[in-house]
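**Student:** My structure is stored as upload_6.txt, with compact mmCIF, C-alpha atoms.
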```txt
# COMPACT_ATOMS: atom_id res chain seq x y z
CA MET A 42 -153.54 -21.88 66.44
CA ILE A 43 -154.43 -22.68 62.86
CA THR A 44 -157.53 -20.86 61.67
CA LYS A 45 -160.47 -22.33 59.84
CA ARG A 46 -160.14 -21.58 56.14
CA ILE A 47 -162.75 -20.13 53.78
CA ILE A 48 -162.09 -21.13 50.18
CA PRO A 49 -163.86 -19.91 47.05
CA CYS A 50 -163.74 -22.28 44.10
CA LEU A 51 -163.51 -20.91 40.56
CA ASP A 52 -164.51 -23.16 37.66
CA VAL A 53 -162.63 -22.14 34.56
CA ARG A 54 -163.59 -23.06 31.00
CA ASN A 55 -161.65 -21.77 28.01
CA GLY A 56 -159.83 -19.31 30.24
CA ARG A 57 -163.00 -17.78 31.70
CA VAL A 58 -164.76 -18.25 35.04
CA VAL A 59 -168.02 -20.11 34.63
CA LYS A 60 -170.92 -18.70 36.63
CA GLY A 61 -169.01 -15.66 37.83
CA THR A 62 -171.43 -12.79 38.12
CA ASN A 63 -172.74 -9.75 39.88
CA PHE A 64 -169.78 -8.03 41.47
CA GLN A 65 -169.69 -4.37 42.17
CA GLY A 66 -166.42 -2.77 41.26
CA LEU A 67 -165.20 -5.62 39.11
CA ARG A 68 -164.78 -4.85 35.45
CA ASP A 69 -164.73 -8.42 34.29
CA VAL A 70 -166.24 -11.02 36.60
CA ALA A 71 -165.45 -13.80 34.17
CA SER A 72 -161.73 -13.08 34.37
CA PRO A 73 -160.13 -15.65 36.70
CA VAL A 74 -157.36 -13.18 37.48
CA GLU A 75 -159.69 -10.34 38.46
CA LEU A 76 -162.08 -12.52 40.42
CA GLY A 77 -159.20 -14.32 42.15
CA LYS A 78 -157.63 -10.98 43.08
CA PHE A 79 -160.98 -9.73 44.38
CA TYR A 80 -161.30 -12.78 46.67
CA SER A 81 -157.68 -12.57 47.77
CA ASP A 82 -158.15 -8.89 48.71
CA ASN A 83 -161.39 -9.73 50.49
CA GLY A 84 -160.42 -12.37 52.99
CA ALA A 85 -160.25 -15.65 51.06
CA ASP A 86 -157.69 -17.92 52.77
CA GLU A 87 -156.95 -19.96 49.70
CA LEU A 88 -158.26 -20.27 46.14
CA VAL A 89 -159.21 -23.33 44.16
CA PHE A 90 -159.08 -23.14 40.37
CA TYR A 91 -160.82 -25.94 38.61
CA ASP A 92 -160.18 -26.51 34.93
CA ILE A 93 -163.38 -27.85 33.36
CA THR A 94 -162.07 -27.62 29.81
CA ALA A 95 -161.89 -30.70 27.66
CA SER A 96 -159.91 -29.41 24.69
CA ALA A 97 -156.13 -29.05 24.40
CA GLU A 98 -156.60 -25.40 23.43
CA GLY A 99 -158.64 -24.78 26.60
CA ARG A 100 -155.96 -26.49 28.66
CA ARG A 101 -153.30 -24.19 27.24
CA LEU A 102 -155.46 -21.17 28.04
CA PHE A 103 -155.90 -22.47 31.58
CA THR A 104 -152.17 -22.72 32.22
CA ASP A 105 -151.71 -19.19 30.85
CA VAL A 106 -154.40 -17.96 33.24
CA LEU A 107 -152.85 -19.87 36.10
CA ARG A 108 -149.45 -18.28 35.48
CA GLU A 109 -151.04 -14.84 35.53
CA VAL A 110 -153.00 -15.64 38.69
CA ALA A 111 -149.88 -16.91 40.46
CA SER A 112 -147.91 -13.80 39.55
CA THR A 113 -150.52 -11.44 41.03
CA ILE A 114 -152.12 -13.35 43.92
CA PHE A 115 -150.05 -14.32 46.93
CA ILE A 116 -152.17 -16.78 48.88
CA PRO A 117 -152.18 -20.58 48.50
CA LEU A 118 -153.54 -21.82 45.19
CA THR A 119 -154.97 -25.27 44.63
CA VAL A 120 -155.51 -26.42 41.08
CA GLY A 121 -157.64 -29.29 39.86
CA GLY A 122 -159.41 -30.63 36.81
CA GLY A 123 -157.87 -32.95 34.26
CA ILE A 124 -155.07 -34.12 36.56
CA ASN A 125 -154.41 -37.69 35.42
CA THR A 126 -150.64 -38.09 35.29
CA LEU A 127 -147.45 -36.85 36.94
CA GLU A 128 -146.94 -34.65 33.87
CA ASP A 129 -150.21 -32.90 34.73
CA PHE A 130 -148.90 -32.25 38.25
CA ASP A 131 -145.70 -30.88 36.82
CA ARG A 132 -147.55 -28.65 34.34
CA VAL A 133 -149.69 -26.85 36.95
CA LEU A 134 -146.99 -26.72 39.66
CA LYS A 135 -144.63 -24.99 37.23
CA CYS A 136 -147.33 -22.37 36.63
CA GLY A 137 -147.45 -21.52 40.32
CA ALA A 138 -149.96 -23.93 41.89
CA ASP A 139 -149.14 -24.88 45.49
CA LYS A 140 -151.39 -27.91 45.72
CA VAL A 141 -152.86 -30.15 43.08
CA SER A 142 -156.26 -31.71 43.41
CA VAL A 143 -156.93 -35.14 41.90
CA ASN A 144 -160.35 -36.64 41.39
CA SER A 145 -161.08 -38.98 38.46
CA GLY A 146 -157.33 -39.37 37.95
CA ALA A 147 -157.03 -41.11 41.33
CA ILE A 148 -159.90 -43.44 40.43
CA GLN A 149 -158.48 -44.40 37.02
CA ASP A 150 -154.93 -44.83 38.29
CA PRO A 151 -154.76 -46.05 41.90
CA GLY A 152 -150.99 -45.42 41.91
CA LEU A 153 -151.22 -41.73 41.00
CA VAL A 154 -151.60 -40.35 44.54
CA ALA A 155 -148.63 -42.34 45.85
CA ALA A 156 -146.44 -41.45 42.88
CA ALA A 157 -147.25 -37.74 43.16
CA ALA A 158 -146.72 -37.72 46.93
CA ARG A 159 -143.28 -39.29 46.47
CA VAL A 160 -142.20 -36.64 43.99
CA TYR A 161 -143.90 -33.51 45.33
CA GLY A 162 -144.65 -34.33 48.98
CA ASP A 163 -147.93 -35.22 50.71
CA GLN A 164 -148.78 -31.58 51.37
CA CYS A 165 -149.01 -31.01 47.64
CA VAL A 166 -151.53 -33.75 46.87
CA VAL A 167 -155.20 -33.05 47.53
CA LEU A 168 -157.76 -35.79 47.06
CA SER A 169 -161.04 -34.40 45.78
CA ALA A 170 -163.80 -36.95 46.30
CA ASP A 171 -167.32 -36.72 44.86
CA VAL A 172 -169.46 -38.86 47.13
CA LYS A 173 -173.13 -39.81 47.02
CA ARG A 174 -175.35 -42.15 49.00
CA VAL A 175 -176.44 -45.25 47.09
CA ARG A 176 -178.73 -47.60 49.01
CA GLY A 177 -177.43 -46.41 52.34
CA GLN A 178 -173.76 -46.62 51.36
CA PHE A 179 -171.36 -43.75 50.63
CA ARG A 180 -170.10 -44.30 47.09
CA VAL A 181 -167.31 -42.64 45.10
CA PHE A 182 -168.50 -41.07 41.86
CA ALA A 183 -166.35 -40.28 38.85
CA LYS A 184 -166.58 -37.97 35.84
CA GLY A 185 -167.80 -34.89 37.67
CA GLY A 186 -170.28 -36.89 39.71
CA ARG A 187 -172.00 -38.56 36.78
CA GLU A 188 -170.68 -42.11 37.13
CA ASP A 189 -171.04 -44.47 40.10
CA THR A 190 -167.75 -46.34 40.52
CA GLY A 191 -169.37 -48.82 42.88
CA MET A 192 -166.55 -48.19 45.39
CA GLU A 193 -167.35 -47.57 49.04
CA ALA A 194 -166.16 -44.02 49.71
CA ILE A 195 -164.79 -43.90 53.25
CA GLY A 196 -162.45 -46.87 52.80
CA TRP A 197 -161.30 -45.51 49.46
CA ILE A 198 -160.56 -42.06 50.92
CA ARG A 199 -158.63 -43.68 53.77
CA ARG A 200 -156.54 -45.70 51.28
CA CYS A 201 -155.76 -42.55 49.28
CA VAL A 202 -154.64 -40.77 52.46
CA ASP A 203 -152.49 -43.77 53.40
CA SER A 204 -150.92 -43.52 49.94
CA GLY A 205 -149.99 -39.90 50.53
CA ALA A 206 -152.93 -37.55 49.94
CA GLY A 207 -152.24 -34.68 52.34
CA GLU A 208 -155.71 -33.19 52.32
CA VAL A 209 -159.23 -34.25 51.40
CA VAL A 210 -161.92 -32.16 49.74
CA LEU A 211 -165.20 -33.94 50.35
CA ASN A 212 -167.87 -32.90 47.92
CA SER A 213 -171.26 -34.35 48.78
CA ILE A 214 -173.28 -34.79 45.60
CA ASP A 215 -176.36 -35.24 47.80
CA THR A 216 -176.16 -31.73 49.24
CA ASP A 217 -174.40 -29.99 46.34
CA GLY A 218 -176.49 -27.21 44.83
CA VAL A 219 -179.29 -27.66 47.38
CA LYS A 220 -178.04 -24.81 49.60
CA GLY A 221 -179.47 -26.50 52.69
CA GLY A 222 -176.14 -26.83 54.50
CA PHE A 223 -173.05 -29.03 54.34
CA ASP A 224 -173.38 -32.82 54.55
CA LEU A 225 -172.45 -33.15 58.21
CA GLU A 226 -173.08 -36.88 58.40
CA MET A 227 -170.81 -37.66 55.47
CA LEU A 228 -168.14 -35.23 56.71
CA ALA A 229 -168.21 -36.77 60.19
CA ALA A 230 -167.55 -40.21 58.67
CA VAL A 231 -164.53 -38.88 56.74
CA CYS A 232 -163.13 -36.91 59.71
CA GLU A 233 -163.38 -40.08 61.76
CA ALA A 234 -161.45 -42.07 59.14
CA VAL A 235 -158.51 -39.79 58.33
CA ASP A 236 -156.22 -37.41 60.23
CA VAL A 237 -155.29 -35.05 57.40
CA PRO A 238 -157.15 -31.75 56.86
CA VAL A 239 -160.71 -32.16 55.57
CA ILE A 240 -162.35 -29.48 53.45
CA ALA A 241 -166.14 -29.45 53.34
CA SER A 242 -167.72 -28.80 49.95
CA GLY A 243 -171.26 -28.90 48.67
CA GLY A 244 -174.38 -27.45 50.21
CA ALA A 245 -173.47 -24.11 51.78
CA GLY A 246 -176.30 -21.63 51.33
CA CYS A 247 -175.79 -19.04 54.06
CA GLU A 248 -173.45 -17.96 56.86
CA GLU A 249 -175.31 -20.11 59.37
CA ASP A 250 -174.24 -23.23 57.42
CA PHE A 251 -170.56 -22.43 58.04
CA ILE A 252 -171.15 -21.79 61.75
CA LYS A 253 -172.96 -25.10 62.02
CA LEU A 254 -170.18 -26.87 60.09
CA PHE A 255 -167.31 -25.71 62.31
CA ARG A 256 -169.32 -26.01 65.56
CA THR A 257 -170.60 -29.51 64.87
CA LEU A 258 -167.39 -30.84 63.36
CA PRO A 259 -164.35 -29.13 64.94
CA LYS A 260 -162.10 -31.47 62.94
CA VAL A 261 -163.18 -29.91 59.64
CA ASP A 262 -160.48 -27.44 58.57
CA ALA A 263 -162.12 -25.47 55.82
CA GLY A 264 -165.34 -24.68 54.02
CA LEU A 265 -165.38 -24.42 50.23
CA ALA A 266 -168.11 -22.93 48.08
CA ALA A 267 -168.57 -21.41 44.66
CA SER A 268 -171.84 -19.84 43.59
CA ILE A 269 -172.85 -18.34 46.95
CA PHE A 270 -169.59 -16.37 46.89
CA HIS A 271 -169.76 -15.61 43.16
CA PHE A 272 -173.36 -14.39 43.38
CA GLY A 273 -172.66 -12.38 46.53
CA GLN A 274 -175.20 -14.24 48.69
CA VAL A 275 -172.39 -14.74 51.18
CA ARG A 276 -169.64 -12.10 51.38
CA ILE A 277 -166.41 -13.53 52.77
CA PRO A 278 -165.40 -10.57 55.02
CA HIS A 279 -168.88 -10.56 56.57
CA LEU A 280 -168.87 -14.35 56.91
CA LYS A 281 -165.51 -14.31 58.70
CA ALA A 282 -166.61 -11.55 61.06
CA THR A 283 -169.71 -13.62 61.89
CA LEU A 284 -167.59 -16.73 62.49
CA ALA A 285 -165.25 -14.75 64.76
CA ARG A 286 -168.22 -13.49 66.79
CA ASN A 287 -169.22 -17.12 67.21
CA ASN A 288 -165.79 -17.95 68.63
CA ILE A 289 -164.62 -19.76 65.53
CA LEU A 290 -160.99 -18.89 64.84
CA VAL A 291 -160.53 -17.20 61.47
CA ARG A 292 -157.94 -14.91 59.90
CA LEU A 293 -159.36 -11.39 59.90
CA MET B 385 -131.55 -6.83 43.34
CA VAL B 386 -132.66 -10.09 44.96
CA GLY B 387 -131.01 -13.37 43.99
CA ILE B 388 -133.14 -16.47 44.56
CA LEU B 389 -131.13 -19.68 44.80
CA ASP B 390 -132.26 -22.40 42.45
CA TYR B 391 -130.87 -25.73 43.59
CA GLY B 392 -133.64 -27.90 42.18
CA VAL B 393 -135.95 -27.75 45.18
CA GLY B 394 -139.45 -26.36 44.93
CA ASN B 395 -141.34 -23.98 42.76
CA LEU B 396 -139.85 -20.50 42.69
CA PHE B 397 -142.45 -18.87 40.47
CA SER B 398 -144.53 -17.28 43.25
CA LEU B 399 -141.45 -16.19 45.18
CA ALA B 400 -139.93 -14.36 42.23
CA SER B 401 -143.34 -12.85 41.39
CA SER B 402 -143.86 -11.59 44.93
CA PHE B 403 -140.61 -9.61 44.84
CA ARG B 404 -141.61 -8.14 41.49
CA CYS B 405 -144.99 -7.22 42.98
CA ILE B 406 -143.27 -5.02 45.59
CA GLY B 407 -141.16 -3.39 42.89
CA GLN B 408 -137.94 -5.30 43.54
CA GLU B 409 -135.92 -6.83 40.79
CA ALA B 410 -135.47 -10.52 41.44
CA PHE B 411 -133.87 -13.35 39.53
CA VAL B 412 -133.65 -17.10 39.98
CA SER B 413 -130.26 -18.69 39.42
CA ALA B 414 -128.03 -21.61 40.29
CA ASP B 415 -124.88 -19.80 39.19
CA PRO B 416 -122.75 -18.44 42.06
CA ARG B 417 -121.12 -15.85 39.77
CA ARG B 418 -124.52 -14.44 38.92
CA LEU B 419 -125.88 -14.70 42.46
CA GLU B 420 -122.83 -12.87 43.73
CA GLN B 421 -124.09 -9.76 41.91
CA ALA B 422 -127.28 -9.70 44.01
CA ASP B 423 -127.58 -7.28 46.96
CA ARG B 424 -129.38 -9.92 48.97
CA LEU B 425 -130.06 -13.62 48.70
CA VAL B 426 -133.07 -15.85 49.31
CA LEU B 427 -132.75 -19.55 50.06
CA PRO B 428 -136.11 -21.21 49.37
CA GLY B 429 -136.98 -24.88 49.76
CA VAL B 430 -139.69 -27.46 50.16
CA GLY B 431 -139.41 -31.21 50.66
CA ALA B 432 -137.00 -33.27 52.74
CA PHE B 433 -134.02 -31.74 54.58
CA GLN B 434 -131.62 -34.49 53.56
CA ASP B 435 -132.38 -34.18 49.83
CA ALA B 436 -132.21 -30.41 49.93
CA ALA B 437 -128.93 -30.34 51.89
CA ALA B 438 -127.44 -32.87 49.46
CA LYS B 439 -128.55 -30.84 46.43
CA LEU B 440 -127.17 -27.66 47.96
CA ARG B 441 -123.84 -29.38 48.52
CA ALA B 442 -123.77 -31.00 45.09
CA SER B 443 -124.34 -27.62 43.45
CA GLY B 444 -121.54 -26.05 45.49
CA LEU B 445 -123.96 -23.39 46.70
CA ASP B 446 -123.44 -24.33 50.36
CA GLY B 447 -119.90 -22.93 50.42
CA PHE B 448 -120.99 -19.94 48.36
CA LEU B 449 -123.77 -19.12 50.84
CA CYS B 450 -121.45 -19.38 53.83
CA ARG B 451 -118.90 -17.07 52.16
CA GLN B 452 -121.58 -14.55 51.21
CA ALA B 453 -123.00 -14.65 54.74
CA ALA B 454 -119.51 -14.09 56.17
CA GLN B 455 -119.21 -11.00 53.98
CA GLY B 456 -122.40 -9.65 55.52
CA LYS B 457 -124.80 -10.05 52.61
CA PRO B 458 -128.43 -10.22 53.82
CA LEU B 459 -129.79 -13.76 53.51
CA LEU B 460 -133.38 -14.94 53.96
CA GLY B 461 -134.18 -18.64 54.31
CA ILE B 462 -137.79 -19.64 53.71
CA CYS B 463 -139.47 -22.78 55.07
CA LEU B 464 -136.97 -25.61 54.47
CA GLY B 465 -134.53 -22.87 53.45
CA MET B 466 -134.76 -21.52 57.01
CA GLN B 467 -134.19 -24.97 58.46
CA LEU B 468 -131.06 -25.36 56.34
CA LEU B 469 -129.52 -22.34 58.10
CA PHE B 470 -129.17 -24.39 61.30
CA GLN B 471 -126.45 -26.77 62.39
CA GLU B 472 -128.35 -30.00 61.98
CA SER B 473 -131.66 -31.70 61.36
CA LEU B 474 -133.01 -34.90 62.85
CA GLU B 475 -135.33 -35.54 59.86
CA TYR B 476 -134.74 -39.23 58.96
CA GLY B 477 -131.39 -39.44 60.75
CA CYS B 478 -129.00 -36.64 61.61
CA HIS B 479 -127.96 -34.32 58.78
CA GLN B 480 -125.73 -31.31 58.70
CA GLY B 481 -127.11 -27.95 57.72
CA LEU B 482 -125.22 -24.78 56.83
CA GLY B 483 -124.50 -24.00 60.48
CA LEU B 484 -125.08 -20.26 60.04
CA LEU B 485 -127.35 -20.33 63.11
CA SER B 486 -127.09 -22.46 66.21
CA GLY B 487 -129.97 -24.80 66.87
CA ARG B 488 -131.41 -27.91 65.32
CA VAL B 489 -134.46 -29.05 63.41
CA VAL B 490 -136.71 -31.66 65.01
CA ALA B 491 -139.96 -33.47 64.15
CA MET B 492 -143.34 -32.26 65.37
CA GLU B 493 -144.43 -35.85 65.73
CA GLY B 494 -144.36 -36.86 69.38
CA ARG B 495 -143.92 -33.26 70.52
CA LEU B 496 -147.44 -31.88 69.94
CA PRO B 497 -150.43 -32.32 72.23
CA PRO B 498 -152.82 -35.02 70.96
CA GLY B 499 -155.39 -34.12 68.31
CA LEU B 500 -153.25 -31.71 66.32
CA LYS B 501 -152.67 -32.60 62.70
CA ILE B 502 -149.24 -32.88 61.08
CA PRO B 503 -148.15 -31.09 58.92
CA HIS B 504 -148.80 -27.78 60.61
CA MET B 505 -150.64 -26.39 57.61
CA GLY B 506 -152.65 -23.21 57.31
CA TRP B 507 -152.78 -19.67 58.65
CA ASN B 508 -151.37 -19.08 62.11
CA ARG B 509 -150.69 -15.99 64.18
CA LEU B 510 -147.21 -14.55 64.70
CA GLU B 511 -146.07 -13.76 68.21
CA VAL B 512 -143.19 -11.44 67.46
CA SER B 513 -140.56 -10.92 70.14
CA ARG B 514 -137.89 -8.92 68.35
CA GLY B 515 -136.13 -8.02 65.15
CA ARG B 516 -136.35 -5.95 62.00
CA LEU B 517 -137.95 -8.43 59.61
CA LEU B 518 -141.30 -8.66 61.42
CA GLU B 519 -141.41 -5.19 62.87
CA GLY B 520 -144.99 -4.08 63.47
CA LEU B 521 -146.42 -7.49 62.58
CA ASP B 522 -147.10 -8.96 66.02
CA GLY B 523 -150.44 -10.76 65.82
CA ALA B 524 -150.49 -10.95 62.02
CA TYR B 525 -151.45 -14.20 60.29
CA VAL B 526 -149.07 -15.99 57.94
CA TYR B 527 -149.23 -19.27 56.01
CA PHE B 528 -147.33 -22.36 57.20
CA VAL B 529 -146.77 -25.83 55.73
CA HIS B 530 -144.23 -27.98 57.60
CA SER B 531 -143.75 -31.07 59.75
CA TYR B 532 -140.39 -30.20 61.34
CA PHE B 533 -139.35 -27.14 63.30
CA ALA B 534 -136.26 -25.44 64.69
CA GLN B 535 -135.36 -25.74 68.36
CA GLY B 536 -132.67 -24.25 70.56
CA CYS B 537 -132.22 -21.13 68.43
CA ASP B 538 -132.83 -18.87 71.44
CA ASP B 539 -130.52 -15.98 70.63
CA ALA B 540 -131.83 -15.79 67.06
CA LEU B 541 -135.52 -16.41 67.83
CA ALA B 542 -137.67 -13.56 66.49
CA ALA B 543 -141.21 -15.00 66.46
CA VAL B 544 -143.17 -18.09 67.36
CA ALA B 545 -146.61 -19.42 66.43
CA ASP B 546 -148.77 -21.38 68.83
CA TYR B 547 -149.53 -24.92 67.70
CA GLY B 548 -150.11 -26.54 71.06
CA ILE B 549 -146.46 -25.74 71.71
CA PRO B 550 -144.55 -22.65 70.57
CA ILE B 551 -143.28 -23.30 67.05
CA THR B 552 -140.29 -21.29 65.81
CA ALA B 553 -141.79 -19.03 63.13
CA ALA B 554 -138.94 -16.65 62.38
CA VAL B 555 -135.28 -16.21 63.26
CA GLU B 556 -132.94 -13.30 62.86
CA LYS B 557 -129.30 -12.77 63.69
CA ASP B 558 -127.42 -9.80 62.28
CA HIS B 559 -128.03 -10.08 58.52
CA ILE B 560 -129.24 -13.72 58.57
CA PHE B 561 -133.03 -14.11 58.52
CA GLY B 562 -135.37 -17.07 58.35
CA CYS B 563 -139.13 -17.62 58.05
CA GLN B 564 -140.67 -21.02 58.69
CA PHE B 565 -143.84 -19.76 56.98
CA HIS B 566 -144.18 -18.68 53.35
CA PRO B 567 -144.15 -14.89 52.98
CA GLU B 568 -144.87 -15.34 49.26
CA LYS B 569 -148.15 -17.08 50.23
CA SER B 570 -149.11 -14.87 53.17
CA GLY B 571 -150.98 -12.12 51.35
CA THR B 572 -150.21 -8.48 52.12
CA VAL B 573 -148.51 -9.39 55.42
CA GLY B 574 -146.07 -11.57 53.52
CA LEU B 575 -145.33 -8.84 50.99
CA THR B 576 -144.65 -6.44 53.86
CA ILE B 577 -142.12 -8.91 55.28
CA LEU B 578 -140.35 -9.14 51.92
CA GLU B 579 -140.31 -5.33 51.76
CA HIS B 580 -138.66 -5.25 55.19
CA PHE B 581 -136.03 -7.70 53.98
CA CYS B 582 -135.36 -5.57 50.92
CA GLY B 583 -135.00 -2.50 53.15
CA ILE B 584 -132.20 -4.06 55.21
```
Have the structure of the file written as structure tokens, please.

**Tutor:**
Amino acid sequence: MITKRIIPCLDVRNGRVVKGTNFQGLRDVASPVELGKFYSDNGADELVFYDITASAEGRRLFTDVLREVASTIFIPLTVGGGINTLEDFDRVLKCGADKVSVNSGAIQDPGLVAAAARVYGDQCVVLSADVKRVRGQFRVFAKGGREDTGMEAIGWIRRCVDSGAGEVVLNSIDTDGVKGGFDLEMLAAVCEAVDVPVIASGGAGCEEDFIKLFRTLPKVDAGLAASIFHFGQVRIPHLKATLARNNILVRL
Amino acid sequence: MVGILDYGVGNLFSLASSFRCIGQEAFVSADPRRLEQADRLVLPGVGAFQDAAAKLRASGLDGFLCRQAAQGKPLLGICLGMQLLFQESLEYGCHQGLGLLSGRVVAMEGRLPPGLKIPHMGWNRLEVSRGRLLEGLDGAYVYFVHSYFAQGCDDALAAVADYGIPITAAVEKDHIFGCQFHPEKSGTVGLTILEHFCGI
């Protein structure tokens, strides 16, 4: 059967990993290629590279980095950040991305998901949703979680999946950075609404949080995190061994 | 030298890179004269069977592949490229494949136990029954992304993966090989498989 996936997320600005730190045996922790290789050699099931650059120069650096990553790392790569048009899909896919993650682009252009799914296939289009509770309602946020779109999140995610998004990354703004565990309530609502893979993001602080995630919500396919992996608070090989001991199927 | 067929389907960057990573020269081409120089051929592919089969035919590479296969050149089909090796596919109607292997490609929909998501996407375990390509890799995990699978390929079947039902994961007959999964996305296990192919 398909295993649960553990996915580190690398934020890249001007060709360098932001927040990468503290790794024994790594010469350059801010190098996306070195850090990506380290994760790939140490049990990551997939990597997400997020381009948080605004400038054209930074974008060019990012695609150079991506090409280098894809020629040295042979596990699935998802790429996001600044994906607003089909040309953006084309640009990162040609550099070796397997899946492309859309966030604000899907909010600005409601036709983007459907258009991309038609050209590249559903499996290639990942919807990344930043969601936060506003007066008891799950709302979609744009611009890296800074702007309330006023849209109810679960219905919106369902519509994007109906249009062709083959996977959903749910990032709970409410639990993000708190390290108190994933947002199980929000994840349960999304799992109930869609039948494509759901990736939990935001809130993981320790191994126990992943056990709780996969035990409570068997429909969740993957857990994504950034800083706890980058800072070495959670080591992926150890995490996967712990999950396996708890009868959660992982690739060892 | 490995020749990777470019017939306008899918991204071949990772595939070419993975051969280079194991020290094998590889090139991507749509030109039969150039591909003919290769010691072995790889037929990649993602997307819909019908489109891919049509593109293969339009490029004239279907006849080329069949002639090369008849001459005994090792051929590896990957994902949709594996499915194209069979006689036919029932994806959106009935479409002819290359017919290098007997069997047909059918939808997962309606054939899986309830609760399993389609596509079959992620890491799954190989149950290897025979063959050279996957030698020593029984129980290894590889990466799949597909919604259709090959059936009735009994004499060529080399490995399955369990997804509620046994899903054809790899086929092998003489010098014709196929992987439903992506060796170029399956980490060190995948690179080992490509090494095996290059050693044949």

**Student:** Taking all atoms listed in the file into account, find every residue of chain A that has an atom no more than 6 Å from chain B, and write it out as number ranges by chain.

**Tutor:** A: 42-44, 112, 115-117, 137

**Student:** Save the residues we just selected, C-alpha atoms, as a PDB file, in the coordinates of the input?

**Tutor:**
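The resulting file, selection_13.pdb, is shown below:
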```pdb
ATOM      1  CA  MET A  42    -153.540 -21.880  66.440  1.00  0.00           C
ATOM      2  CA  ILE A  43    -154.430 -22.680  62.860  1.00  0.00           C
ATOM      3  CA  THR A  44    -157.530 -20.860  61.670  1.00  0.00           C
ATOM      4  CA  SER A 112    -147.910 -13.800  39.550  1.00  0.00           C
ATOM      5  CA  PHE A 115    -150.050 -14.320  46.930  1.00  0.00           C
ATOM      6  CA  ILE A 116    -152.170 -16.780  48.880  1.00  0.00           C
ATOM      7  CA  PRO A 117    -152.180 -20.580  48.500  1.00  0.00           C
ATOM      8  CA  GLY A 137    -147.450 -21.520  40.320  1.00  0.00           C
TER       9      GLY A 137
END
```

**Student:** Take the point (-122.3, -17.5, 38.1) in the file's coordinates, draw a sphere of radius 12 Å around it, and report as a ChimeraX atom specification every protein, DNA or RNA residue with an atom inside or on it, counting all atoms listed in the file.

**Tutor:** /B:387,389-390,412-422,443-445,448

**Student:** When you draw a straight line from CA of Leu293 (chain A) to CA of Glu233 (chain A), how long is it in Å?

**Tutor:**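 Answer for the CA of Leu293 (chain A) to CA of Glu233 (chain A) separation: 29.0 Å.
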
**Student:** So that I can see what lies close to Leu485 (chain B), please list as a ChimeraX atom specification the residues with an atom at most 12 Å from it, counting all atoms listed in the file and leaving out residues fewer than 3 positions away in the same chain.

**Tutor:** /B:450,453,459,461,466-472,480-482,488-489,534-541,555-562

**Student:** Contacts of Ile577 (chain B) at 9 Å or less, counting all atoms listed in the file, minus same-chain residues fewer than 5 places along, as a PyMOL selection string?

**Tutor:** chain B and resi 517-519+521+567+572+582
